[in-house]
file model-v8.pdb (PDB, C-alpha atoms, pLDDT in the B column)
ATOM      1  CA  MET A   1       0.000   0.000   0.000  1.00 46.00           C
ATOM      2  CA  ALA A   2       1.439   3.385  -1.046  1.00 46.00           C
ATOM      3  CA  LYS A   3       1.978   5.963   1.649  1.00 42.00           C
ATOM      4  CA  LYS A   4       0.214   9.275   1.080  1.00 42.00           C
ATOM      5  CA  ILE A   5       2.554  12.268   1.154  1.00 39.00           C
ATOM      6  CA  LYS A   6       1.198  15.545   2.429  1.00 37.00           C
ATOM      7  CA  PRO A   7       2.326  18.591   0.438  1.00 35.00           C
ATOM      8  CA  ALA A   8       4.706  20.841   2.358  1.00 36.00           C
ATOM      9  CA  LEU A   9       3.212  24.050   1.003  1.00 35.00           C
ATOM     10  CA  LYS A  10      -0.418  24.987   1.078  1.00 38.00           C
ATOM     11  CA  THR A  11      -2.063  26.677  -1.826  1.00 36.00           C
ATOM     12  CA  ARG A  12      -3.000  30.301  -1.351  1.00 42.00           C
ATOM     13  CA  ALA A  13      -6.685  29.342  -1.204  1.00 42.00           C
ATOM     14  CA  ALA A  14      -6.026  26.671   1.425  1.00 40.00           C
ATOM     15  CA  ALA A  15      -3.888  29.050   3.470  1.00 44.00           C
ATOM     16  CA  LYS A  16      -6.655  31.642   3.440  1.00 47.00           C
ATOM     17  CA  ARG A  17      -9.224  29.084   4.595  1.00 46.00           C
ATOM     18  CA  THR A  18      -7.156  28.294   7.683  1.00 46.00           C
ATOM     19  CA  LYS A  19      -6.837  31.907   8.819  1.00 49.00           C
ATOM     20  CA  PRO A  20      -9.399  33.133  11.319  1.00 48.00           C
ATOM     21  CA  SER A  21     -11.837  35.745  10.173  1.00 54.00           C
ATOM     22  CA  GLY A  22     -12.425  38.874  12.132  1.00 57.00           C
ATOM     23  CA  PRO A  23     -10.313  41.891  13.016  1.00 58.00           C
ATOM     24  CA  ASN A  24      -6.965  40.058  12.872  1.00 60.00           C
ATOM     25  CA  GLY A  25      -7.666  37.528  10.161  1.00 65.00           C
ATOM     26  CA  ARG A  26      -8.925  37.182   6.647  1.00 74.00           C
ATOM     27  CA  ASP A  27     -11.065  40.324   6.688  1.00 88.00           C
ATOM     28  CA  THR A  28      -8.055  42.503   7.532  1.00 90.00           C
ATOM     29  CA  LEU A  29      -5.886  40.771   4.938  1.00 91.00           C
ATOM     30  CA  ARG A  30      -8.548  41.289   2.283  1.00 92.00           C
ATOM     31  CA  ASP A  31      -8.960  44.963   3.237  1.00 93.00           C
ATOM     32  CA  VAL A  32      -5.205  45.544   2.929  1.00 92.00           C
ATOM     33  CA  GLU A  33      -5.052  43.711  -0.406  1.00 95.00           C
ATOM     34  CA  GLN A  34      -7.940  45.769  -1.765  1.00 95.00           C
ATOM     35  CA  LEU A  35      -6.326  49.015  -0.593  1.00 94.00           C
ATOM     36  CA  LEU A  36      -3.081  48.110  -2.380  1.00 95.00           C
ATOM     37  CA  TYR A  37      -5.014  47.293  -5.562  1.00 97.00           C
ATOM     38  CA  ARG A  38      -6.867  50.630  -5.365  1.00 97.00           C
ATOM     39  CA  GLN A  39      -3.576  52.486  -4.846  1.00 95.00           C
ATOM     40  CA  ALA A  40      -2.024  50.754  -7.860  1.00 96.00           C
ATOM     41  CA  GLU A  41      -5.069  51.496 -10.039  1.00 97.00           C
ATOM     42  CA  CYS A  42      -4.981  55.180  -9.083  1.00 96.00           C
ATOM     43  CA  LEU A  43      -1.241  55.487  -9.744  1.00 94.00           C
ATOM     44  CA  ASP A  44      -1.365  53.510 -13.008  1.00 96.00           C
ATOM     45  CA  GLY A  45      -4.281  55.655 -14.184  1.00 95.00           C
ATOM     46  CA  LYS A  46      -2.569  58.894 -13.100  1.00 92.00           C
ATOM     47  CA  ARG A  47      -5.557  59.635 -10.870  1.00 95.00           C
ATOM     48  CA  TRP A  48      -3.477  61.488  -8.313  1.00 93.00           C
ATOM     49  CA  GLN A  49      -6.329  63.063  -6.365  1.00 95.00           C
ATOM     50  CA  ASP A  50      -8.036  59.689  -5.981  1.00 96.00           C
ATOM     51  CA  PHE A  51      -4.748  58.293  -4.643  1.00 95.00           C
ATOM     52  CA  ILE A  52      -4.458  61.093  -2.082  1.00 95.00           C
ATOM     53  CA  GLU A  53      -8.052  60.542  -0.975  1.00 95.00           C
ATOM     54  CA  LEU A  54      -7.204  56.953  -0.004  1.00 94.00           C
ATOM     55  CA  PHE A  55      -5.287  58.380   2.982  1.00 93.00           C
ATOM     56  CA  THR A  56      -6.874  59.442   6.256  1.00 93.00           C
ATOM     57  CA  GLU A  57      -6.295  63.015   7.397  1.00 93.00           C
ATOM     58  CA  ASP A  58      -3.457  61.861   9.662  1.00 93.00           C
ATOM     59  CA  GLY A  59      -2.088  59.274   7.215  1.00 91.00           C
ATOM     60  CA  THR A  60       1.426  59.419   5.787  1.00 91.00           C
ATOM     61  CA  TYR A  61       3.114  57.935   2.739  1.00 91.00           C
ATOM     62  CA  TRP A  62       6.628  56.871   3.683  1.00 92.00           C
ATOM     63  CA  MET A  63       9.504  55.107   1.960  1.00 94.00           C
ATOM     64  CA  PRO A  64      12.600  54.558   4.108  1.00 95.00           C
ATOM     65  CA  ALA A  65      16.063  55.140   2.664  1.00 95.00           C
ATOM     66  CA  GLU A  66      17.374  51.953   4.282  1.00 94.00           C
ATOM     67  CA  PRO A  67      15.546  48.615   4.732  1.00 93.00           C
ATOM     68  CA  GLU A  68      16.273  48.515   8.474  1.00 94.00           C
ATOM     69  CA  GLN A  69      14.635  51.901   9.153  1.00 93.00           C
ATOM     70  CA  THR A  70      11.583  51.661  11.378  1.00 93.00           C
ATOM     71  CA  THR A  71      10.777  55.382  11.507  1.00 90.00           C
ATOM     72  CA  GLY A  72      11.321  58.489   9.457  1.00 88.00           C
ATOM     73  CA  ASP A  73      11.982  60.677  12.487  1.00 90.00           C
ATOM     74  CA  GLY A  74      15.429  62.274  12.349  1.00 90.00           C
ATOM     75  CA  VAL A  75      16.753  60.154   9.478  1.00 92.00           C
ATOM     76  CA  PRO A  76      16.759  60.610   5.687  1.00 94.00           C
ATOM     77  CA  SER A  77      13.886  59.037   3.790  1.00 95.00           C
ATOM     78  CA  ILE A  78      13.126  58.676   0.096  1.00 95.00           C
ATOM     79  CA  PHE A  79       9.826  60.390   0.894  1.00 91.00           C
ATOM     80  CA  TRP A  80       7.645  60.902   3.941  1.00 93.00           C
ATOM     81  CA  GLU A  81       4.539  62.886   3.078  1.00 93.00           C
ATOM     82  CA  ASP A  82       1.215  63.651   4.653  1.00 94.00           C
ATOM     83  CA  ARG A  83      -1.951  64.495   2.720  1.00 95.00           C
ATOM     84  CA  ASN A  84      -1.135  68.187   2.758  1.00 95.00           C
ATOM     85  CA  LEU A  85       2.292  67.717   1.144  1.00 95.00           C
ATOM     86  CA  MET A  86       0.867  65.251  -1.403  1.00 94.00           C
ATOM     87  CA  THR A  87      -1.761  67.854  -2.322  1.00 95.00           C
ATOM     88  CA  VAL A  88       0.907  70.565  -2.716  1.00 94.00           C
ATOM     89  CA  ARG A  89       2.894  68.253  -5.015  1.00 91.00           C
ATOM     90  CA  LEU A  90      -0.241  67.480  -7.025  1.00 93.00           C
ATOM     91  CA  LYS A  91      -0.974  71.191  -7.526  1.00 93.00           C
ATOM     92  CA  ARG A  92       2.609  71.788  -8.697  1.00 91.00           C
ATOM     93  CA  LEU A  93       2.472  68.807 -11.050  1.00 86.00           C
ATOM     94  CA  THR A  94      -0.830  69.831 -12.649  1.00 87.00           C
ATOM     95  CA  HIS A  95      -0.067  73.555 -12.858  1.00 87.00           C
ATOM     96  CA  PRO A  96      -0.131  74.759 -16.488  1.00 85.00           C
ATOM     97  CA  ARG A  97       3.383  76.187 -16.114  1.00 85.00           C
ATOM     98  CA  ALA A  98       4.860  73.037 -14.558  1.00 83.00           C
ATOM     99  CA  TRP A  99       8.246  72.306 -16.097  1.00 78.00           C
ATOM    100  CA  SER A 100       9.182  68.953 -17.554  1.00 70.00           C
ATOM    101  CA  GLN A 101      12.177  67.691 -19.509  1.00 66.00           C
ATOM    102  CA  LYS A 102       9.846  65.878 -21.864  1.00 64.00           C
ATOM    103  CA  ARG A 103       7.025  67.555 -23.750  1.00 63.00           C
ATOM    104  CA  ARG A 104       3.655  65.879 -23.472  1.00 63.00           C
ATOM    105  CA  GLY A 105       3.034  63.886 -26.589  1.00 64.00           C
ATOM    106  CA  ALA A 106       6.630  64.231 -27.750  1.00 60.00           C
ATOM    107  CA  PRO A 107       7.876  61.135 -29.536  1.00 62.00           C
ATOM    108  CA  ILE A 108      10.588  59.136 -27.821  1.00 60.00           C
ATOM    109  CA  THR A 109      13.717  59.113 -29.949  1.00 62.00           C
ATOM    110  CA  SER A 110      17.105  57.544 -29.558  1.00 60.00           C
ATOM    111  CA  SER A 111      20.443  59.107 -30.392  1.00 62.00           C
ATOM    112  CA  ALA A 112      22.085  55.669 -30.636  1.00 59.00           C
ATOM    113  CA  THR A 113      23.437  54.857 -34.072  1.00 54.00           C
TER
END
call {"tool": "encode", "arguments": {"input": "model-v8.pdb", "output": "structure tokens"}}
result
Amino acid sequence: MAKKIKPALKTRAAAKRTKPSGPNGRDTLRDVEQLLYRQAECLDGKRWQDFIELFTEDGTYWMPAEPEQTTGDGVPSIFWEDRNLMTVRLKRLTHPRAWSQKRRGAPITSSAT
């Protein structure tokens, strides 16, 4: 009689079924996943205001300069912005006199021969 071998790794669906639902389980995981999808859709679609509106009034958008950073206080960061600063950046970006190195609609050309 052949011995049945249990797989070492669970499928994503099986792993989700074993997690408890409620505030610290599947519901929270799903909420976080959906938020990340909404953020990506807004950024991919260049819907900047919609992206900003995903943040609470006291929310921040932070990217540490080093992987081991646990806070942005007193250390350099790639960015660390609240809603107000994101809104200021959006207004600068969408201003009719905003400067860019590339014209909108300009064809991409290469100088390589």
call {"tool": "atom_distance", "arguments": {"input": "model-v8.pdb", "atom1": "atom CA of Arg92 of chain A", "atom2": "atom CA of Pro64 of chain A"}}
result
23.7 Å
call {"tool": "closest_residue", "arguments": {"input": "model-v8.pdb", "among": "A:Ile78, A:Arg47, A:Glu68, A:Tyr37", "to": "Leu90 of chain A", "atoms": "all atoms listed in the file"}}
result
A:Arg47
call {"tool": "residues_around", "arguments": {"input": "model-v8.pdb", "residues": "Trp80 of chain A", "least_positions_apart": "4", "cutoff": "7 Å", "atoms": "all atoms listed in the file", "output": "ChimeraX atom specification"}}
result
/A:60-63
call {"tool": "write_last_selection", "arguments": {"input": "model-v8.pdb", "atoms": "C-alpha atoms", "output": "JSON list (two decimals), in the coordinates of the input"}}
result
[["chain", "number", "residue", "atom", "x", "y", "z"],
["A", 60, "THR", "CA", 1.43, 59.42, 5.79],
["A", 61, "TYR", "CA", 3.11, 57.94, 2.74],
["A", 62, "TRP", "CA", 6.63, 56.87, 3.68],
["A", 63, "MET", "CA", 9.50, 55.11, 1.96]]
call {"tool": "atom_distance", "arguments": {"input": "model-v8.pdb", "atom1": "atom CA of Leu85 of chain A", "atom2": "atom CA of Thr28 of chain A"}}
result
28.0 Å
call {"tool": "atom_distance", "arguments": {"input": "model-v8.pdb", "atom1": "atom CA of Leu93 of chain A", "atom2": "atom CA of Trp48 of chain A"}}
result
9.8 Å
call {"tool": "axis_aligned_box", "arguments": {"input": "model-v8.pdb", "around": "segment 86-103 of chain A", "padding_each_side": "6 Å", "output": "lines of an AutoDock Vina configuration file"}}
result
center_x = 5.2
center_y = 70.7
center_z = -12.6
size_x = 25.9
size_y = 22.9
size_z = 34.3
call {"tool": "resolve_selection", "arguments": {"input": "model-v8.pdb", "expression": "the PyMOL selection byres ((chain A and resi 54-56) around 9)", "output": "mmCIF file with C-alpha atoms, in the frame of the given file"}}
result
data_model
loop_
_atom_site.group_PDB
_atom_site.id
_atom_site.type_symbol
_atom_site.label_atom_id
_atom_site.label_comp_id
_atom_site.auth_asym_id
_atom_site.auth_seq_id
_atom_site.Cartn_x
_atom_site.Cartn_y
_atom_site.Cartn_z
ATOM 1 C CA LEU A 35 -6.326 49.015 -0.593
ATOM 2 C CA ARG A 38 -6.867 50.630 -5.365
ATOM 3 C CA GLN A 39 -3.576 52.486 -4.846
ATOM 4 C CA GLN A 49 -6.329 63.063 -6.365
ATOM 5 C CA ASP A 50 -8.036 59.689 -5.981
ATOM 6 C CA PHE A 51 -4.748 58.293 -4.643
ATOM 7 C CA ILE A 52 -4.458 61.093 -2.082
ATOM 8 C CA GLU A 53 -8.052 60.542 -0.975
ATOM 9 C CA GLU A 57 -6.295 63.015 7.397
ATOM 10 C CA ASP A 58 -3.457 61.861 9.662
ATOM 11 C CA GLY A 59 -2.088 59.274 7.215
ATOM 12 C CA THR A 60 1.426 59.419 5.787
ATOM 13 C CA TYR A 61 3.114 57.935 2.739
ATOM 14 C CA ASP A 82 1.215 63.651 4.653
ATOM 15 C CA ARG A 83 -1.951 64.495 2.720
#
